[in-house]
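Chemist: Before we start, here is the structure in question, set down as structure tokens.
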2 protein chains.
Amino acid sequence: MGRGKIEIKRIENSSNRQVTYSKRRNGIMKKAKEITVLCDAQVSLVIFASSGKMHEYCSPSTTLVDILDKYHKQSGERLWDAKHENLSIELDRIKKENDSMQIELRHLKGEDITSLHHKELMAIEEALENGLGSVREKQASLMT
Amino acid sequence: MGRGKIEIKRIENSSNRQVTYSKRRNGIMKKAKEITVLCDAQVSLVIFASSGKMHEYCSPSTTLVDILDKYHKQSGERLWDAKHENLSIELDRIKKENDSMQIELRHLKGEDITSLHHKELMAIEEALENGLGSVREKQASLMT
DNA sequence: CCGACTATATATAAATC
DNA sequence: TGATTTATATATAGTCG
């Protein structure tokens with residue numbers, strides 16, 4: 001709708017794309033407001049430009065959270081739970097990583113080693129000797 | 001836009017309202033798809049009719065969860081509940097703990113120590129000596 | 001890069017089937 | 001009712017300052 005017809009495909013010229021983006025964004029926002037008023041609908045509209053900038057519209061009389069809540073109920077899709085689950089999984093993973101580092105650290109400090117066997121102790125001893133070697137070398141170099 | 005101009009206020013005739021709703025809903029959906037393609041934007045659009053029926057559009061290449069996640073980051077608004085927020089705070093805390101343990105481990109292994117000063121090196125050296133002492137003592141006791 | 005300005009393409013209100 | 005067809009209102013692509 002304009003001087004010339006355009007195909008609906010990515011606008012390659014980046015400044016044209018930006019201009020079209022902001023014009024059309026305004027257009028959609030306006031339409032969203034209109035349908036809200038004309039048909040008393042509830043609308044939530046969130047747009048991210050490729051630049052990462054965000055714009056949103058949400059009908060007055062409601063909030064994004066309300067709309068998502070209704071969405072949640074209607075679609076049966078568990079938006080929150082899914083998000084929640086991902087976080088918990090990551091938390092678990094990192095906690096495990098944490099635990100094993102903590103054990104390694106304790107061992108290197110000579111703690112909690114009573115239950116270790118000869119082979120494991122040898123490995124720790126070697127690691128400590130190597131570390132000590134590096135540190136002493138560094139110390140020496142600082143003495144110039 | 002049509003045979004007659006209309007004011008932007010609630011359409012009182014309910015069947016007209018319904019008709020206008022579905023026409024305009026289609027229009028907005030189409031516009032949303034177009035801006036997505038033309039300007040590679042990411043769009044999430046959720047509409048509830050007054051009847052309670054829902055319609056949604058979400059750009060391909062993304063999901064509502066992704067968009068909400070970005071929304072959350074940008075707006076700083078608390079879309080997620082308190083429980084969720086706590087999880088994410090804990091995750092951050094544990095990640096930091098993780099990082100500092102990783103650094104400590106590296107130092108004990110003699111890695112990444114070039115930027116350390118004498119005092120710090122001394123502390124590490126002492127820790128290593130202590131560890132080595134404990135480990136060797138344990139080794140000796142195993143030899144019965 | 002912006003806003004203002006058209007000429008045209010689209011969307012859609014009302015009419016019609 | 002609901003789909004299709006107009007006649008008109010709007011949106012907007014390209015242009016200019």
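Identifiers in the structure tokens: chain A, B, ... in order shown; residue index from 1 per chain; ligand index from 1 in order shown.
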Show me which bits of chain A are within 7 Å of chain B, counting only C-alpha atoms, as a compact mmCIF listing (two decimals) with C-alpha atoms, in the first residue's frame.
Modeler:
# COMPACT_ATOMS: atom_id res chain seq x y z
CA ILE A 8 6.39 -9.74 1.30
CA LYS A 9 9.97 -10.77 1.81
CA ARG A 10 12.83 -9.39 3.86
CA ILE A 11 13.70 -5.82 2.89
CA ARG A 17 13.80 -1.83 6.54
CA TYR A 21 9.46 -1.22 10.50
CA ARG A 24 4.18 -0.61 10.21
CA ILE A 28 -0.26 -2.48 13.97
CA LYS A 31 -5.10 -1.48 14.77
CA GLU A 34 -8.93 -0.01 17.53
CA ILE A 35 -9.99 -3.63 17.77
CA VAL A 37 -12.18 -0.44 21.55
CA LEU A 38 -14.49 -1.46 18.70
CA CYS A 39 -14.95 -5.06 19.69
CA ASP A 40 -13.95 -4.95 23.31
CA ALA A 41 -11.27 -7.49 22.81
CA GLN A 42 -8.18 -7.90 24.90
CA VAL A 43 -4.93 -7.68 23.05
CA SER A 44 -1.33 -8.21 23.95
CA LEU A 45 1.22 -7.31 21.35
CA VAL A 46 4.97 -7.52 21.85
CA ILE A 47 7.33 -6.68 19.01
CA PHE A 48 11.09 -6.92 18.91
CA ALA A 49 12.91 -5.18 16.11
CA SER A 50 15.89 -7.03 14.73
CA VAL A 65 0.29 -11.18 33.09
CA LEU A 79 4.39 -21.45 29.65
CA HIS A 84 10.45 -22.91 35.40
CA LEU A 91 20.26 -25.18 38.59
CA ASN A 98 29.70 -27.15 42.13
CA MET A 101 34.59 -28.89 42.38
CA LEU A 105 39.18 -28.52 46.32
CA LEU A 108 43.70 -30.75 47.28
CA LYS A 109 43.66 -29.16 50.71
CA GLY A 110 44.11 -32.55 52.31
CA HIS A 118 46.36 -45.30 47.26
CA LEU A 121 46.04 -40.23 46.74
CA GLU A 125 49.90 -35.82 45.42
CA ALA A 127 48.71 -32.54 41.23
CA LEU A 128 49.89 -30.83 44.38
CA ASN A 130 52.95 -29.86 40.05
CA GLY A 131 51.09 -26.89 41.47
CA LEU A 132 53.78 -26.30 44.03
CA SER A 134 54.66 -23.84 39.23
CA VAL A 135 54.08 -21.56 42.17
CA GLN A 139 57.99 -16.95 43.15
Chemist: Over all C-alpha atoms, paired in order, superpose chain B onto chain A by least squares and report how large the RMSD is in Å.
Modeler: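 After superposition, the RMSD is 14.5 Å.
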Chemist: Determine, using only C-alpha atoms (C1' of nucleotides), which residues of chain C have any atom at most 12 Å from an atom of chain B, and tabulate each with its shortest atom pair and distance in Å to one decimal place, rows ordered by chain and then rising number, as a tab-separated table.
Modeler:
residue	atom	partner	partner_atom	distance
C:DT10	C1'	B:Met1	CA	9.7
C:DA11	C1'	B:Met1	CA	6.5
C:DT12	C1'	B:Gly2	CA	4.9
C:DA13	C1'	B:Gly2	CA	4.2
C:DA14	C1'	B:Arg3	CA	5.5
C:DA15	C1'	B:Arg3	CA	8.9
Chemist: Would you put the residues from that selection into a file with N, CA and C atoms (P, O5', C5', C4', C3', O3' and C1' of nucleotides), as an mmCIF file, in the first residue's frame?
Modeler:
data_model
loop_
_atom_site.group_PDB
_atom_site.id
_atom_site.type_symbol
_atom_site.label_atom_id
_atom_site.label_comp_id
_atom_site.auth_asym_id
_atom_site.auth_seq_id
_atom_site.Cartn_x
_atom_site.Cartn_y
_atom_site.Cartn_z
ATOM 1 P P DT C 10 -0.923 -4.621 -2.309
ATOM 2 O "O5'" DT C 10 -1.658 -4.629 -0.902
ATOM 3 C "C5'" DT C 10 -2.331 -3.489 -0.561
ATOM 4 C "C4'" DT C 10 -2.737 -3.485 0.882
ATOM 5 C "C3'" DT C 10 -3.611 -4.660 1.273
ATOM 6 O "O3'" DT C 10 -3.413 -4.908 2.651
ATOM 7 C "C1'" DT C 10 -4.883 -2.664 1.195
ATOM 8 P P DA C 11 -4.262 -5.927 3.470
ATOM 9 O "O5'" DA C 11 -5.386 -5.011 4.140
ATOM 10 C "C5'" DA C 11 -5.005 -4.039 5.079
ATOM 11 C "C4'" DA C 11 -6.243 -3.399 5.702
ATOM 12 C "C3'" DA C 11 -7.212 -4.380 6.347
ATOM 13 O "O3'" DA C 11 -7.680 -3.746 7.533
ATOM 14 C "C1'" DA C 11 -8.307 -3.175 4.618
ATOM 15 P P DT C 12 -8.635 -4.523 8.526
ATOM 16 O "O5'" DT C 12 -10.069 -4.052 8.036
ATOM 17 C "C5'" DT C 12 -10.392 -2.666 8.144
ATOM 18 C "C4'" DT C 12 -11.749 -2.400 7.512
ATOM 19 C "C3'" DT C 12 -12.845 -3.404 7.894
ATOM 20 O "O3'" DT C 12 -14.060 -2.703 8.031
ATOM 21 C "C1'" DT C 12 -12.787 -3.164 5.627
ATOM 22 P P DA C 13 -14.616 -2.353 9.457
ATOM 23 O "O5'" DA C 13 -15.963 -1.576 9.091
ATOM 24 C "C5'" DA C 13 -15.892 -0.205 8.720
ATOM 25 C "C4'" DA C 13 -17.138 0.189 7.950
ATOM 26 C "C3'" DA C 13 -18.462 -0.306 8.523
ATOM 27 O "O3'" DA C 13 -19.433 0.721 8.321
ATOM 28 C "C1'" DA C 13 -18.097 -1.318 6.394
ATOM 29 P P DA C 14 -20.905 0.529 8.737
ATOM 30 O "O5'" DA C 14 -21.587 0.055 7.370
ATOM 31 C "C5'" DA C 14 -21.534 0.934 6.238
ATOM 32 C "C4'" DA C 14 -22.041 0.215 5.003
ATOM 33 C "C3'" DA C 14 -23.438 -0.406 5.166
ATOM 34 O "O3'" DA C 14 -24.256 0.102 4.122
ATOM 35 C "C1'" DA C 14 -21.921 -1.961 4.211
ATOM 36 P P DA C 15 -25.767 -0.476 3.954
ATOM 37 O "O5'" DA C 15 -25.644 -1.359 2.619
ATOM 38 C "C5'" DA C 15 -24.884 -0.829 1.527
ATOM 39 C "C4'" DA C 15 -24.817 -1.870 0.428
ATOM 40 C "C3'" DA C 15 -26.146 -2.585 0.197
ATOM 41 O "O3'" DA C 15 -26.282 -2.828 -1.188
ATOM 42 C "C1'" DA C 15 -24.502 -4.164 0.726
#
Chemist: Using only C-alpha atoms (C1' of nucleotides), find the residues of chain D whose closest atom to chain B is at most 10 Å away, then write them as a ChimeraX atom specification.
Modeler: /D:6-10
Chemist: Go through range 61-98 of chain A and collect every residue that DSSP, computed from the backbone, puts in alpha helix (DSSP H); the answer should be as number ranges by chain.
Modeler: A: 64-75, 79-98
Chemist: One decimal, Å: what's the distance from CA of Asn13 in chain B over to CA of Asn26 in chain A, could you say?
Modeler: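 Calculated distance between CA of Asn13 in chain B and CA of Asn26 in chain A is 28.3 Å.
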Chemist: Write out as an NGL selection string all residues of chain A that DSSP puts in strand (DSSP E) for this structure's backbone.
Modeler: :A and (42-48 or 54-58)
Chemist: Those selected residues, please, written with N, CA and C atoms and delivered as a PDB file, in the first residue's frame.
Modeler:
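The resulting file, out_39.pdb, is shown below:
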ATOM      1  N   GLN A  42      -9.391  -8.148  24.122  1.00  0.00           N
ATOM      2  CA  GLN A  42      -8.176  -7.902  24.898  1.00  0.00           C
ATOM      3  C   GLN A  42      -6.992  -8.323  24.058  1.00  0.00           C
ATOM      4  N   VAL A  43      -6.049  -7.428  23.947  1.00  0.00           N
ATOM      5  CA  VAL A  43      -4.931  -7.676  23.050  1.00  0.00           C
ATOM      6  C   VAL A  43      -3.602  -7.488  23.768  1.00  0.00           C
ATOM      7  N   SER A  44      -2.695  -8.416  23.514  1.00  0.00           N
ATOM      8  CA  SER A  44      -1.326  -8.211  23.952  1.00  0.00           C
ATOM      9  C   SER A  44      -0.432  -8.332  22.730  1.00  0.00           C
ATOM     10  N   LEU A  45       0.363  -7.329  22.532  1.00  0.00           N
ATOM     11  CA  LEU A  45       1.218  -7.306  21.352  1.00  0.00           C
ATOM     12  C   LEU A  45       2.623  -6.931  21.785  1.00  0.00           C
ATOM     13  N   VAL A  46       3.568  -7.811  21.511  1.00  0.00           N
ATOM     14  CA  VAL A  46       4.966  -7.525  21.850  1.00  0.00           C
ATOM     15  C   VAL A  46       5.777  -7.668  20.573  1.00  0.00           C
ATOM     16  N   ILE A  47       6.514  -6.633  20.229  1.00  0.00           N
ATOM     17  CA  ILE A  47       7.327  -6.675  19.011  1.00  0.00           C
ATOM     18  C   ILE A  47       8.778  -6.363  19.316  1.00  0.00           C
ATOM     19  N   PHE A  48       9.663  -7.211  18.831  1.00  0.00           N
ATOM     20  CA  PHE A  48      11.087  -6.919  18.913  1.00  0.00           C
ATOM     21  C   PHE A  48      11.604  -6.620  17.518  1.00  0.00           C
ATOM     22  N   MET A  54      12.413  -3.252  21.925  1.00  0.00           N
ATOM     23  CA  MET A  54      11.086  -3.810  22.125  1.00  0.00           C
ATOM     24  C   MET A  54       9.989  -2.750  22.160  1.00  0.00           C
ATOM     25  N   HIS A  55       8.836  -3.104  21.656  1.00  0.00           N
ATOM     26  CA  HIS A  55       7.651  -2.270  21.813  1.00  0.00           C
ATOM     27  C   HIS A  55       6.497  -3.165  22.200  1.00  0.00           C
ATOM     28  N   GLU A  56       5.578  -2.628  22.973  1.00  0.00           N
ATOM     29  CA  GLU A  56       4.456  -3.462  23.354  1.00  0.00           C
ATOM     30  C   GLU A  56       3.162  -2.678  23.411  1.00  0.00           C
ATOM     31  N   TYR A  57       2.096  -3.402  23.233  1.00  0.00           N
ATOM     32  CA  TYR A  57       0.781  -2.825  23.496  1.00  0.00           C
ATOM     33  C   TYR A  57      -0.004  -3.832  24.303  1.00  0.00           C
ATOM     34  N   CYS A  58      -0.735  -3.338  25.249  1.00  0.00           N
ATOM     35  CA  CYS A  58      -1.611  -4.207  26.014  1.00  0.00           C
ATOM     36  C   CYS A  58      -2.892  -3.437  26.261  1.00  0.00           C
TER      37      CYS A  58
END
